[in-house]
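Visitor: Take this structure first; my questions come after.
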Amino acid sequence: MKGDRVEIVVDAGDTTRTYEVVASRAGRRVETAVRRGVVEVSEVTRNGAVVRTARFTANRVLALVEQPVPREDGSEIPARSGQPLREDPET
């Protein structure tokens, strides 16, 4: 969804570098994949066409932080804190 972002922190020798991949337009999403020692973060359209991709060597990636935008349509179910999911049956 528009506004979703993935932040990638990479070891660059003496320092770290931070990169961001953002879903820049409506209907786009950000997908992450780790394949054969490579971390790949892509911005993808509704049809699945890749708009742009960032690739990093997996052993250099220090952190991969997904930051979704809060949904306003209620599609995300809020977590119930402090309440059990169901009662324990008596044995």
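Residues in the structure tokens are numbered from 1 in each chain, the chains being A, B, ... in the order shown, and ligands are numbered from 1 in the order shown.
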Going by DSSP on the backbone, which bits of region 9-58 of chain A are strand (DSSP E)? Write them as an mmCIF file with C-alpha atoms, in the first residue's frame, please.
Guide:
data_model
loop_
_atom_site.group_PDB
_atom_site.id
_atom_site.type_symbol
_atom_site.label_atom_id
_atom_site.label_comp_id
_atom_site.auth_asym_id
_atom_site.auth_seq_id
_atom_site.Cartn_x
_atom_site.Cartn_y
_atom_site.Cartn_z
ATOM 1 C CA VAL A 9 20.827 -0.840 7.335
ATOM 2 C CA VAL A 10 24.018 -2.050 5.653
ATOM 3 C CA ASP A 11 27.585 -2.408 6.956
ATOM 4 C CA THR A 16 26.725 2.008 8.279
ATOM 5 C CA ARG A 17 24.463 3.197 5.499
ATOM 6 C CA THR A 18 20.691 3.312 5.551
ATOM 7 C CA TYR A 19 18.534 2.805 2.471
ATOM 8 C CA GLU A 20 14.759 3.028 2.126
ATOM 9 C CA VAL A 21 12.396 1.501 -0.397
ATOM 10 C CA VAL A 22 8.965 3.151 -0.301
ATOM 11 C CA ARG A 29 3.525 -2.557 -2.191
ATOM 12 C CA VAL A 30 7.020 -3.409 -0.989
ATOM 13 C CA GLU A 31 8.164 -7.039 -0.972
ATOM 14 C CA THR A 32 11.299 -8.522 0.600
ATOM 15 C CA ALA A 33 13.072 -11.746 -0.293
ATOM 16 C CA VAL A 34 16.288 -13.468 0.755
ATOM 17 C CA ARG A 35 17.709 -15.743 -1.924
ATOM 18 C CA VAL A 38 21.202 -11.766 -1.413
ATOM 19 C CA VAL A 39 18.553 -9.591 0.262
ATOM 20 C CA GLU A 40 16.200 -8.171 -2.351
ATOM 21 C CA VAL A 41 13.643 -5.435 -1.619
ATOM 22 C CA SER A 42 11.258 -4.542 -4.459
ATOM 23 C CA GLU A 43 8.468 -2.063 -5.091
ATOM 24 C CA VAL A 44 5.726 -3.976 -6.911
ATOM 25 C CA VAL A 50 8.523 -4.813 -10.406
ATOM 26 C CA VAL A 51 9.039 -1.041 -10.486
ATOM 27 C CA ARG A 52 12.425 -0.917 -8.749
ATOM 28 C CA THR A 53 14.629 -3.272 -6.792
ATOM 29 C CA ALA A 54 17.398 -2.856 -4.224
ATOM 30 C CA ARG A 55 19.810 -5.774 -3.747
ATOM 31 C CA PHE A 56 22.303 -6.234 -0.918
ATOM 32 C CA THR A 57 24.677 -9.017 0.069
#
Visitor: Please report the interatomic distance between CA of Arg60 (chain A) and CA of Ala23 (chain A) in Å with one decimal.
Guide: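 These atoms are spaced 23.8 Å apart.
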Visitor: Please identify all polymer residues within 6 Å of Lys2 (chain A), counting only C-alpha atoms, omitting same-chain residues fewer than 6 positions from it, and present them as an mmCIF file with all heavy atoms, in the first residue's frame.
Guide:
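The result, written out as result.cif:
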data_model
loop_
_atom_site.group_PDB
_atom_site.id
_atom_site.type_symbol
_atom_site.label_atom_id
_atom_site.label_comp_id
_atom_site.auth_asym_id
_atom_site.auth_seq_id
_atom_site.Cartn_x
_atom_site.Cartn_y
_atom_site.Cartn_z
ATOM 1 N N ALA A 23 6.780 2.420 -1.071
ATOM 2 C CA ALA A 23 5.701 2.283 -2.048
ATOM 3 C C ALA A 23 5.195 3.686 -2.343
ATOM 4 O O ALA A 23 4.474 4.276 -1.552
ATOM 5 C CB ALA A 23 4.588 1.396 -1.505
ATOM 6 N N SER A 24 5.624 4.245 -3.462
ATOM 7 C CA SER A 24 5.436 5.663 -3.729
ATOM 8 C C SER A 24 4.066 6.048 -4.292
ATOM 9 O O SER A 24 3.679 7.197 -4.199
ATOM 10 C CB SER A 24 6.520 6.152 -4.689
ATOM 11 O OG SER A 24 6.466 5.400 -5.877
ATOM 12 N N ARG A 25 3.330 5.106 -4.848
ATOM 13 C CA ARG A 25 2.038 5.423 -5.450
ATOM 14 C C ARG A 25 0.976 4.465 -4.951
ATOM 15 O O ARG A 25 1.275 3.392 -4.438
ATOM 16 C CB ARG A 25 2.133 5.341 -6.966
ATOM 17 C CG ARG A 25 3.130 6.346 -7.529
ATOM 18 C CD ARG A 25 3.253 6.252 -8.997
ATOM 19 N NE ARG A 25 2.066 6.830 -9.618
ATOM 20 C CZ ARG A 25 1.850 6.837 -10.917
ATOM 21 N NH1 ARG A 25 2.711 6.282 -11.724
ATOM 22 N NH2 ARG A 25 0.764 7.388 -11.407
ATOM 23 N N ALA A 26 -0.285 4.851 -5.128
ATOM 24 C CA ALA A 26 -1.401 4.021 -4.696
ATOM 25 C C ALA A 26 -1.381 2.685 -5.440
ATOM 26 O O ALA A 26 -1.080 2.628 -6.630
ATOM 27 C CB ALA A 26 -2.721 4.739 -4.950
ATOM 28 N N ARG A 28 0.649 0.213 -4.926
ATOM 29 C CA ARG A 28 1.951 -0.450 -4.912
ATOM 30 C C ARG A 28 2.267 -0.966 -3.521
ATOM 31 O O ARG A 28 1.736 -0.480 -2.530
ATOM 32 C CB ARG A 28 3.041 0.511 -5.364
ATOM 33 C CG ARG A 28 2.879 0.875 -6.825
ATOM 34 C CD ARG A 28 4.059 1.592 -7.346
ATOM 35 N NE ARG A 28 3.865 1.927 -8.746
ATOM 36 C CZ ARG A 28 4.631 2.733 -9.422
ATOM 37 N NH1 ARG A 28 5.665 3.315 -8.828
ATOM 38 N NH2 ARG A 28 4.402 2.986 -10.687
#
Visitor: Choose the residue, out of A:Thr45, A:Asn59, A:Thr15, A:Gln67, that has the smallest atom-to-atom separation from Gly27 (chain A); count only C-alpha atoms.
Guide: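 So, comparing all the options, the nearest one is A:Thr45.
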